[in-house]
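Working notes, structure below.
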Amino acid sequence: MSTELHPLPGGPAPGFASSDDAARKAKETTLLSPRFYTTDFKAMDAIDVSPVRAEWDAMMAEYEGDNNHDHFQRDAAFGEEARASLAALTPELRKEFVDFLITSVTSEFSGCILYNEIAKNIENPDIKQLMRFMARDESRHAGFINQSLRDFGIGIDLGDLKRTKKYTYFKPKYIFYATYLSEKIGYARYITIFRQLERHPDKRFHPIFRWFERWCNDEFRHGESFALIMRANPHLLQGANKLWIRFFVLAVYATMFVRDHTRPMLHNAMGLDSTDYDWKVLEITSEITKQVFPITLDTDNPEFRRGMHRLVDLSKRMEAAKARGGLIGSLQRAGCAVVAGWTYLRLFTLPVKSHELPDQIRLQPSW
Ligand SMILES: [Fe+2]
Ligand SMILES: [Fe+2]
């Protein structure tokens with residue numbers, strides 16, 4: 001599939017010599033890899049947003065207006081800029097960057113598939129229309145990243161990925177918690193990178209980062225949609241569900257923290273430190289989530305921070321044990337998994353901060 005392409009100078013990234021390597025990475029199902037989801041369409045169909053009608057209609061008008069309709073096209077300078085800057089990257093940085101692109105295209109496409117499937121399988125006009133708009137946006141995002149992978153000669157066959165990647169079933173409320181968080185954290189990640197490279201244009205080693213500002217406004221709006229759905233159904237935010245919220249927030253935060261610490265060079269190249277970058281992203285995300293979640297994790301608590309670093313350390317030790325293989329390797333992995341589970345439980349039981357929910361739900365992407 002890559003015959004018409006012109007692989008970039010400097011050769012392939014280590015570990016990603018072909019489209020097959022990239023496809024394998026995208027299909028991976030691990031604790032850290034982005035997943036594809038399916039859900040209960042009947043329950044989705046029954047969602048009522050009438051308690052937030054005014055804010056909902058204003059949001060739908062924004063989707064309709066589609067202010068990013070012309071954004072996801074490469075300009076003339078893109079190819080040249082990409083070729084020039086990528087030629088200068090070390091093989092290790094190329095690997096981390098490709099890894100970042102594959103994870104990103106997989107999670108963008110995951111949203112595209114889920115939203116599309118929901119739209120196809122329900123009649124509820126509000127939710128159907130919303131899902132169509134979001135699928136439209138995510139398909140643009142995935143396609144745009146895939147073009148940059150094709151520059152490396154390793155574009156992902158998204159049709160094949162859709163057919164062959166494993167799907168995880170989540171009931172709607174879990175979809176709302178998880179997807180809301182991933183949209184908002186996606187916004188926080190993209191805007192933090194964009195602002196950093198705005199201040200340090202010499203560190204912008206690939207043109208794709210120039211697209212992040214308008215791009216992340218789409219993610220922000222997707223998050224707003226789930227915020228409105230949850231606020232229209234307040235039982236999702238009360239009682240025992242608060243524990244589910246806590247669980248999902250921690251899962252999303254910990255996954256990002258561990259995954260980002262596998263890419264120190266990517267962040268260094270942008271003049272960022274993985275740890276500082278992640279605390280910043282979590283601070284923004286937690287601030288935003290006050291629009292909908294009655295609790296936020298205390299990410300400044302030194303014990304929380306120690307626990308997150310411990311998860312990074314355990315994940316590295318598990319990788320090393322996996323590489324070692326054999327009985328000893330398996331035992332080491334099992335040992336680390338037990339400690340990681342325990343650490344996660346400890347993080348889950350740390351005190352959280354409680355909030356009153358604001359009357360006006362919607363926020364502006366002002367970071
Ligand atoms: Fe997206
Ligand atoms: Fe999104």
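Ligands are numbered from 1 in the order shown, chains are lettered A, B, ... in the order of the structure tokens, and residues start at 1 in each chain.
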Nearby polymer residues, ligand 2, at most 12 Å, only C-alpha atoms and all ligand atoms, as a PDB file with N, CA, C and O atoms, in the first residue's frame:
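That gives us result_26.pdb:
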ATOM      1  N   SER A 104      -2.010   7.776  18.572  1.00  0.00           N
ATOM      2  CA  SER A 104      -2.970   8.865  18.325  1.00  0.00           C
ATOM      3  C   SER A 104      -3.968   8.489  17.234  1.00  0.00           C
ATOM      4  O   SER A 104      -5.172   8.710  17.388  1.00  0.00           O
ATOM      5  N   VAL A 105      -3.481   7.911  16.127  1.00  0.00           N
ATOM      6  CA  VAL A 105      -4.411   7.564  15.049  1.00  0.00           C
ATOM      7  C   VAL A 105      -5.377   6.486  15.538  1.00  0.00           C
ATOM      8  O   VAL A 105      -6.575   6.509  15.211  1.00  0.00           O
ATOM      9  N   THR A 106      -4.890   5.563  16.369  1.00  0.00           N
ATOM     10  CA  THR A 106      -5.753   4.495  16.871  1.00  0.00           C
ATOM     11  C   THR A 106      -6.834   5.067  17.778  1.00  0.00           C
ATOM     12  O   THR A 106      -8.008   4.687  17.688  1.00  0.00           O
ATOM     13  N   SER A 107      -6.466   6.022  18.636  1.00  0.00           N
ATOM     14  CA  SER A 107      -7.518   6.527  19.524  1.00  0.00           C
ATOM     15  C   SER A 107      -8.467   7.471  18.786  1.00  0.00           C
ATOM     16  O   SER A 107      -9.669   7.475  19.082  1.00  0.00           O
ATOM     17  N   GLU A 108      -7.978   8.230  17.826  1.00  0.00           N
ATOM     18  CA  GLU A 108      -8.897   9.047  17.011  1.00  0.00           C
ATOM     19  C   GLU A 108      -9.884   8.138  16.269  1.00  0.00           C
ATOM     20  O   GLU A 108     -11.091   8.395  16.226  1.00  0.00           O
ATOM     21  N   PHE A 109      -9.340   7.068  15.705  1.00  0.00           N
ATOM     22  CA  PHE A 109     -10.185   6.172  14.910  1.00  0.00           C
ATOM     23  C   PHE A 109     -11.146   5.392  15.804  1.00  0.00           C
ATOM     24  O   PHE A 109     -12.261   5.062  15.396  1.00  0.00           O
ATOM     25  N   SER A 110     -10.716   5.117  17.019  1.00  0.00           N
ATOM     26  CA  SER A 110     -11.579   4.435  17.982  1.00  0.00           C
ATOM     27  C   SER A 110     -12.842   5.264  18.215  1.00  0.00           C
ATOM     28  O   SER A 110     -13.967   4.746  18.218  1.00  0.00           O
ATOM     29  N   GLY A 111     -12.664   6.585  18.397  1.00  0.00           N
ATOM     30  CA  GLY A 111     -13.810   7.480  18.567  1.00  0.00           C
ATOM     31  C   GLY A 111     -14.684   7.460  17.321  1.00  0.00           C
ATOM     32  O   GLY A 111     -15.910   7.359  17.403  1.00  0.00           O
ATOM     33  N   CYS A 112     -14.046   7.520  16.166  1.00  0.00           N
ATOM     34  CA  CYS A 112     -14.772   7.537  14.893  1.00  0.00           C
ATOM     35  C   CYS A 112     -15.680   6.313  14.767  1.00  0.00           C
ATOM     36  O   CYS A 112     -16.867   6.425  14.449  1.00  0.00           O
ATOM     37  N   ILE A 113     -15.133   5.128  15.071  1.00  0.00           N
ATOM     38  CA  ILE A 113     -15.916   3.894  14.931  1.00  0.00           C
ATOM     39  C   ILE A 113     -17.061   3.852  15.941  1.00  0.00           C
ATOM     40  O   ILE A 113     -18.205   3.570  15.597  1.00  0.00           O
ATOM     41  N   LEU A 114     -16.741   4.165  17.186  1.00  0.00           N
ATOM     42  CA  LEU A 114     -17.775   4.094  18.229  1.00  0.00           C
ATOM     43  C   LEU A 114     -18.924   5.052  17.912  1.00  0.00           C
ATOM     44  O   LEU A 114     -20.094   4.675  17.940  1.00  0.00           O
ATOM     45  N   TYR A 115     -18.599   6.304  17.584  1.00  0.00           N
ATOM     46  CA  TYR A 115     -19.640   7.303  17.328  1.00  0.00           C
ATOM     47  C   TYR A 115     -20.471   6.909  16.101  1.00  0.00           C
ATOM     48  O   TYR A 115     -21.684   7.048  16.076  1.00  0.00           O
ATOM     49  N   LEU A 130     -25.645  14.082  17.109  1.00  0.00           N
ATOM     50  CA  LEU A 130     -24.375  14.346  17.788  1.00  0.00           C
ATOM     51  C   LEU A 130     -23.305  13.341  17.343  1.00  0.00           C
ATOM     52  O   LEU A 130     -22.176  13.721  17.010  1.00  0.00           O
ATOM     53  N   MET A 131     -23.672  12.066  17.337  1.00  0.00           N
ATOM     54  CA  MET A 131     -22.700  11.031  17.002  1.00  0.00           C
ATOM     55  C   MET A 131     -22.196  11.188  15.571  1.00  0.00           C
ATOM     56  O   MET A 131     -21.037  10.960  15.279  1.00  0.00           O
ATOM     57  N   PHE A 133     -21.895  14.028  13.928  1.00  0.00           N
ATOM     58  CA  PHE A 133     -20.949  15.150  13.896  1.00  0.00           C
ATOM     59  C   PHE A 133     -19.590  14.732  14.467  1.00  0.00           C
ATOM     60  O   PHE A 133     -18.539  15.060  13.919  1.00  0.00           O
ATOM     61  N   MET A 134     -19.639  14.008  15.577  1.00  0.00           N
ATOM     62  CA  MET A 134     -18.359  13.642  16.211  1.00  0.00           C
ATOM     63  C   MET A 134     -17.587  12.632  15.353  1.00  0.00           C
ATOM     64  O   MET A 134     -16.370  12.713  15.245  1.00  0.00           O
ATOM     65  N   ALA A 135     -18.327  11.716  14.724  1.00  0.00           N
ATOM     66  CA  ALA A 135     -17.666  10.746  13.839  1.00  0.00           C
ATOM     67  C   ALA A 135     -17.011  11.483  12.666  1.00  0.00           C
ATOM     68  O   ALA A 135     -15.894  11.146  12.250  1.00  0.00           O
ATOM     69  N   ARG A 136     -17.695  12.491  12.146  1.00  0.00           N
ATOM     70  CA  ARG A 136     -17.134  13.314  11.068  1.00  0.00           C
ATOM     71  C   ARG A 136     -15.794  13.904  11.504  1.00  0.00           C
ATOM     72  O   ARG A 136     -14.790  13.791  10.791  1.00  0.00           O
ATOM     73  N   ASP A 137     -15.770  14.500  12.703  1.00  0.00           N
ATOM     74  CA  ASP A 137     -14.538  15.138  13.187  1.00  0.00           C
ATOM     75  C   ASP A 137     -13.427  14.106  13.380  1.00  0.00           C
ATOM     76  O   ASP A 137     -12.290  14.313  12.954  1.00  0.00           O
ATOM     77  N   GLU A 138     -13.753  12.993  14.034  1.00  0.00           N
ATOM     78  CA  GLU A 138     -12.712  12.001  14.352  1.00  0.00           C
ATOM     79  C   GLU A 138     -12.162  11.357  13.080  1.00  0.00           C
ATOM     80  O   GLU A 138     -10.989  11.003  13.019  1.00  0.00           O
ATOM     81  N   SER A 139     -13.018  11.225  12.085  1.00  0.00           N
ATOM     82  CA  SER A 139     -12.523  10.634  10.847  1.00  0.00           C
ATOM     83  C   SER A 139     -11.518  11.579  10.182  1.00  0.00           C
ATOM     84  O   SER A 139     -10.488  11.145   9.666  1.00  0.00           O
ATOM     85  N   ARG A 140     -11.774  12.879  10.257  1.00  0.00           N
ATOM     86  CA  ARG A 140     -10.786  13.844   9.747  1.00  0.00           C
ATOM     87  C   ARG A 140      -9.485  13.749  10.526  1.00  0.00           C
ATOM     88  O   ARG A 140      -8.388  13.770   9.947  1.00  0.00           O
ATOM     89  N   HIS A 141      -9.605  13.669  11.854  1.00  0.00           N
ATOM     90  CA  HIS A 141      -8.397  13.631  12.695  1.00  0.00           C
ATOM     91  C   HIS A 141      -7.556  12.395  12.370  1.00  0.00           C
ATOM     92  O   HIS A 141      -6.344  12.479  12.201  1.00  0.00           O
ATOM     93  N   ALA A 142      -8.236  11.233  12.299  1.00  0.00           N
ATOM     94  CA  ALA A 142      -7.507   9.988  12.044  1.00  0.00           C
ATOM     95  C   ALA A 142      -6.841  10.037  10.667  1.00  0.00           C
ATOM     96  O   ALA A 142      -5.668   9.668  10.510  1.00  0.00           O
ATOM     97  N   ALA A 178     -15.566   7.437  30.391  1.00  0.00           N
ATOM     98  CA  ALA A 178     -14.265   7.213  29.745  1.00  0.00           C
ATOM     99  C   ALA A 178     -14.064   8.140  28.549  1.00  0.00           C
ATOM    100  O   ALA A 178     -12.996   8.713  28.358  1.00  0.00           O
ATOM    101  N   THR A 179     -15.131   8.310  27.754  1.00  0.00           N
ATOM    102  CA  THR A 179     -14.980   9.106  26.546  1.00  0.00           C
ATOM    103  C   THR A 179     -14.909  10.588  26.880  1.00  0.00           C
ATOM    104  O   THR A 179     -14.114  11.319  26.293  1.00  0.00           O
ATOM    105  N   TYR A 180     -15.714  11.003  27.846  1.00  0.00           N
ATOM    106  CA  TYR A 180     -15.616  12.399  28.294  1.00  0.00           C
ATOM    107  C   TYR A 180     -14.166  12.697  28.694  1.00  0.00           C
ATOM    108  O   TYR A 180     -13.569  13.685  28.259  1.00  0.00           O
ATOM    109  N   LEU A 181     -13.610  11.809  29.526  1.00  0.00           N
ATOM    110  CA  LEU A 181     -12.247  12.036  29.997  1.00  0.00           C
ATOM    111  C   LEU A 181     -11.236  12.003  28.861  1.00  0.00           C
ATOM    112  O   LEU A 181     -10.327  12.831  28.808  1.00  0.00           O
ATOM    113  N   SER A 182     -11.403  11.072  27.949  1.00  0.00           N
ATOM    114  CA  SER A 182     -10.379  10.992  26.909  1.00  0.00           C
ATOM    115  C   SER A 182     -10.476  12.184  25.958  1.00  0.00           C
ATOM    116  O   SER A 182      -9.454  12.677  25.473  1.00  0.00           O
ATOM    117  N   GLU A 183     -11.671  12.717  25.732  1.00  0.00           N
ATOM    118  CA  GLU A 183     -11.787  13.930  24.912  1.00  0.00           C
ATOM    119  C   GLU A 183     -11.140  15.120  25.624  1.00  0.00           C
ATOM    120  O   GLU A 183     -10.399  15.899  25.023  1.00  0.00           O
ATOM    121  N   LYS A 184     -11.417  15.265  26.908  1.00  0.00           N
ATOM    122  CA  LYS A 184     -10.889  16.427  27.633  1.00  0.00           C
ATOM    123  C   LYS A 184      -9.381  16.314  27.843  1.00  0.00           C
ATOM    124  O   LYS A 184      -8.649  17.307  27.743  1.00  0.00           O
ATOM    125  N   ILE A 185      -8.906  15.119  28.132  1.00  0.00           N
ATOM    126  CA  ILE A 185      -7.460  14.967  28.321  1.00  0.00           C
ATOM    127  C   ILE A 185      -6.758  15.129  26.960  1.00  0.00           C
ATOM    128  O   ILE A 185      -5.654  15.655  26.875  1.00  0.00           O
ATOM    129  N   GLY A 186      -7.454  14.718  25.907  1.00  0.00           N
ATOM    130  CA  GLY A 186      -6.914  14.910  24.554  1.00  0.00           C
ATOM    131  C   GLY A 186      -6.754  16.398  24.269  1.00  0.00           C
ATOM    132  O   GLY A 186      -5.725  16.848  23.761  1.00  0.00           O
ATOM    133  N   TYR A 187      -7.768  17.169  24.637  1.00  0.00           N
ATOM    134  CA  TYR A 187      -7.681  18.627  24.488  1.00  0.00           C
ATOM    135  C   TYR A 187      -6.483  19.163  25.278  1.00  0.00           C
ATOM    136  O   TYR A 187      -5.668  19.921  24.761  1.00  0.00           O
ATOM    137  N   ALA A 188      -6.383  18.742  26.540  1.00  0.00           N
ATOM    138  CA  ALA A 188      -5.332  19.276  27.412  1.00  0.00           C
ATOM    139  C   ALA A 188      -3.945  18.914  26.876  1.00  0.00           C
ATOM    140  O   ALA A 188      -3.009  19.721  26.940  1.00  0.00           O
ATOM    141  N   TYR A 190      -3.094  18.256  23.625  1.00  0.00           N
ATOM    142  CA  TYR A 190      -2.804  18.964  22.385  1.00  0.00           C
ATOM    143  C   TYR A 190      -2.537  20.452  22.648  1.00  0.00           C
ATOM    144  O   TYR A 190      -1.638  21.034  22.063  1.00  0.00           O
ATOM    145  N   TRP A 215      -7.486  21.909  16.119  1.00  0.00           N
ATOM    146  CA  TRP A 215      -7.802  20.490  16.303  1.00  0.00           C
ATOM    147  C   TRP A 215      -8.355  20.228  17.705  1.00  0.00           C
ATOM    148  O   TRP A 215      -9.396  19.583  17.877  1.00  0.00           O
ATOM    149  N   CYS A 216      -7.645  20.763  18.709  1.00  0.00           N
ATOM    150  CA  CYS A 216      -8.045  20.414  20.075  1.00  0.00           C
ATOM    151  C   CYS A 216      -9.370  21.065  20.445  1.00  0.00           C
ATOM    152  O   CYS A 216     -10.044  20.620  21.368  1.00  0.00           O
ATOM    153  N   ASN A 217      -9.777  22.102  19.697  1.00  0.00           N
ATOM    154  CA  ASN A 217     -11.106  22.663  19.969  1.00  0.00           C
ATOM    155  C   ASN A 217     -12.215  21.675  19.603  1.00  0.00           C
ATOM    156  O   ASN A 217     -13.273  21.672  20.229  1.00  0.00           O
ATOM    157  N   ASP A 218     -11.974  20.843  18.588  1.00  0.00           N
ATOM    158  CA  ASP A 218     -12.927  19.761  18.290  1.00  0.00           C
ATOM    159  C   ASP A 218     -13.036  18.827  19.490  1.00  0.00           C
ATOM    160  O   ASP A 218     -14.134  18.464  19.913  1.00  0.00           O
ATOM    161  N   GLU A 219     -11.879  18.436  20.028  1.00  0.00           N
ATOM    162  CA  GLU A 219     -11.896  17.484  21.160  1.00  0.00           C
ATOM    163  C   GLU A 219     -12.603  18.124  22.360  1.00  0.00           C
ATOM    164  O   GLU A 219     -13.351  17.463  23.071  1.00  0.00           O
ATOM    165  N   PHE A 220     -12.346  19.395  22.538  1.00  0.00           N
ATOM    166  CA  PHE A 220     -12.989  20.098  23.647  1.00  0.00           C
ATOM    167  C   PHE A 220     -14.510  20.018  23.514  1.00  0.00           C
ATOM    168  O   PHE A 220     -15.217  19.709  24.461  1.00  0.00           O
ATOM    169  N   ARG A 221     -14.982  20.291  22.301  1.00  0.00           N
ATOM    170  CA  ARG A 221     -16.430  20.273  22.072  1.00  0.00           C
ATOM    171  C   ARG A 221     -17.005  18.863  22.234  1.00  0.00           C
ATOM    172  O   ARG A 221     -18.102  18.689  22.773  1.00  0.00           O
ATOM    173  N   HIS A 222     -16.262  17.860  21.788  1.00  0.00           N
ATOM    174  CA  HIS A 222     -16.736  16.476  21.999  1.00  0.00           C
ATOM    175  C   HIS A 222     -16.914  16.221  23.502  1.00  0.00           C
ATOM    176  O   HIS A 222     -17.900  15.616  23.924  1.00  0.00           O
ATOM    177  N   GLY A 223     -15.944  16.676  24.279  1.00  0.00           N
ATOM    178  CA  GLY A 223     -16.049  16.516  25.728  1.00  0.00           C
ATOM    179  C   GLY A 223     -17.267  17.239  26.275  1.00  0.00           C
ATOM    180  O   GLY A 223     -17.985  16.723  27.141  1.00  0.00           O
ATOM    181  N   GLU A 224     -17.529  18.445  25.736  1.00  0.00           N
ATOM    182  CA  GLU A 224     -18.708  19.206  26.173  1.00  0.00           C
ATOM    183  C   GLU A 224     -19.991  18.401  25.957  1.00  0.00           C
ATOM    184  O   GLU A 224     -20.914  18.457  26.765  1.00  0.00           O
ATOM    185  N   SER A 225     -20.044  17.676  24.850  1.00  0.00           N
ATOM    186  CA  SER A 225     -21.253  16.904  24.535  1.00  0.00           C
ATOM    187  C   SER A 225     -21.523  15.869  25.619  1.00  0.00           C
ATOM    188  O   SER A 225     -22.673  15.702  26.055  1.00  0.00           O
ATOM    189  N   PHE A 226     -20.468  15.170  26.030  1.00  0.00           N
ATOM    190  CA  PHE A 226     -20.663  14.156  27.077  1.00  0.00           C
ATOM    191  C   PHE A 226     -20.953  14.815  28.430  1.00  0.00           C
ATOM    192  O   PHE A 226     -21.696  14.267  29.244  1.00  0.00           O
TER     193      PHE A 226
END
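Residues in contact range of Ser286 in chain A, defined as at most 10 Å between only C-alpha atoms, with sequence neighbours fewer than 3 positions away removed, read Leu181, Lys184, Ile185, Ala188, Val249, Tyr253, Lys280, Val281, Leu282, Glu283, Thr289, Lys290, Gln291, Phe293, Ile295, Thr296, Leu297, Asp298 and Thr299 of chain A.
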Could you save the residues just selected, with C-alpha atoms, as a short mmCIF file (atom, residue, chain, number, x, y, z; two decimals), in the first residue's frame?
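Everything below was put into result.cif:
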data_model
loop_
_atom_site.label_atom_id
_atom_site.label_comp_id
_atom_site.auth_asym_id
_atom_site.auth_seq_id
_atom_site.Cartn_x
_atom_site.Cartn_y
_atom_site.Cartn_z
CA LEU A 181 -12.25 12.04 30.00
CA LYS A 184 -10.89 16.43 27.63
CA ILE A 185 -7.46 14.97 28.32
CA ALA A 188 -5.33 19.28 27.41
CA VAL A 249 -10.43 9.25 36.29
CA TYR A 253 -4.70 9.55 34.40
CA LYS A 280 0.28 20.22 33.65
CA VAL A 281 -2.10 18.15 31.50
CA LEU A 282 -3.71 16.62 34.60
CA GLU A 283 -4.10 20.03 36.21
CA THR A 289 -13.88 18.16 34.80
CA LYS A 290 -15.32 20.27 37.62
CA GLN A 291 -18.09 21.13 35.12
CA PHE A 293 -17.73 15.45 38.10
CA ILE A 295 -14.96 15.03 42.74
CA THR A 296 -11.41 15.54 41.46
CA LEU A 297 -8.31 13.58 42.40
CA ASP A 298 -5.77 15.44 44.50
CA THR A 299 -2.93 15.26 41.99
#
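Here CA of Gly326 in chain A is placed at a distance of 25.2 Å from CA of Pro14 in chain A.
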For Leu228 in chain A, list every protein, DNA or RNA residue within 12 Å, evaluated using only C-alpha atoms, and leave out those in the same chain fewer than 6 positions away; present the list as a PyMOL selection string.
chain A and resi 47-60+126-127+130+176-177+180+221-222+234+236-237+289+291-293+359-363
May I have the residues from that selection written out with C-alpha atoms, as a tab-separated table (two decimals), in the first residue's frame?
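Contents of the output file out30.tsv:
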chain	number	residue	atom	x	y	z
A	47	ILE	CA	-30.83	9.01	26.56
A	48	ASP	CA	-32.78	12.21	27.18
A	49	VAL	CA	-31.06	15.58	26.92
A	50	SER	CA	-34.13	17.79	27.38
A	51	PRO	CA	-33.03	19.07	30.83
A	52	VAL	CA	-30.10	20.82	29.10
A	53	ARG	CA	-31.93	21.74	25.90
A	54	ALA	CA	-30.74	25.35	25.58
A	55	GLU	CA	-27.04	24.51	25.97
A	56	TRP	CA	-27.48	21.43	23.80
A	57	ASP	CA	-28.99	23.37	20.91
A	58	ALA	CA	-26.24	26.00	21.07
A	59	MET	CA	-23.65	23.22	20.89
A	60	MET	CA	-25.36	21.51	17.97
A	126	ASP	CA	-30.43	14.25	19.43
A	127	ILE	CA	-27.89	11.53	20.07
A	130	LEU	CA	-24.38	14.35	17.79
A	176	PHE	CA	-19.69	8.54	29.05
A	177	TYR	CA	-17.10	8.64	31.84
A	180	TYR	CA	-15.62	12.40	28.29
A	221	ARG	CA	-16.43	20.27	22.07
A	222	HIS	CA	-16.74	16.48	22.00
A	234	PRO	CA	-27.65	13.54	37.20
A	236	LEU	CA	-24.80	9.26	36.66
A	237	LEU	CA	-22.93	11.67	38.92
A	289	THR	CA	-13.88	18.16	34.80
A	291	GLN	CA	-18.09	21.13	35.12
A	292	VAL	CA	-19.45	17.63	35.50
A	293	PHE	CA	-17.73	15.45	38.10
A	359	ASP	CA	-25.21	26.04	37.04
A	360	GLN	CA	-23.80	26.86	33.67
A	361	ILE	CA	-22.36	23.64	32.35
A	362	ARG	CA	-20.49	24.63	29.21
A	363	LEU	CA	-16.93	25.95	29.24
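Across A:Leu350, A:Met308, A:Ile145, A:Leu272, the tightest approach to ligand 1 is made by A:Ile145 when counting only C-alpha atoms and all ligand atoms.
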Name the closest residue to ligand 1 among the candidates A:Pro125, A:Leu31, A:Leu161, A:Arg189; distances are taken between atoms, counting only C-alpha atoms and all ligand atoms.
A:Arg189
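Each of A:Arg306, A:Lys173, A:Lys25, A:Arg150 was compared to Ile229 in chain A using only C-alpha atoms, and A:Lys173 turns out to be the nearest.
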May I have all residues of range 174-342 of chain A that DSSP, computed from the backbone, assigns to alpha helix (DSSP H), given as number ranges by chain?
A: 174-199, 212-232, 241-260, 264-269, 274-289, 302-324, 326-342
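Here the question is which of A:Arg214, A:His309, A:Ala61, A:Pro91 gets nearest to ligand 1 using only C-alpha atoms and all ligand atoms, and that residue is A:Arg214.
Take the candidates A:Leu266, A:Val312, A:Tyr63, A:Thr168 and check each one against Lys203 in chain A using only C-alpha atoms; the shortest distance goes to A:Leu266.
Neighbouring residues of His267 in chain A at 10 Å or closer, counting only C-alpha atoms and skipping chain neighbours under 4 positions away, are Leu93, Glu96, Phe97, Ile193, Asp260, His261, Arg263, Gly271, Leu272, Asp273, Ser274, Thr275, Asp276 and Tyr277 of chain A.
Remark: for Phe304 in chain A, the closest of the candidate residues A:Gly341, A:Pro351, A:Pro264, A:Gly329 is A:Pro351 (distances computed over only C-alpha atoms).
Once Ala340 in chain A and its same-chain neighbours fewer than 6 positions away are set aside, Arg310, Leu311, Leu314 and Ser315 of chain A remain within 9 Å of it when counting only C-alpha atoms.
If you look at CA of Asp40 in chain A and CA of Tyr174 in chain A, they are 10.8 Å away from each other.
Note that CA of Asn116 in chain A and CA of Met256 in chain A are 25.2 Å apart.
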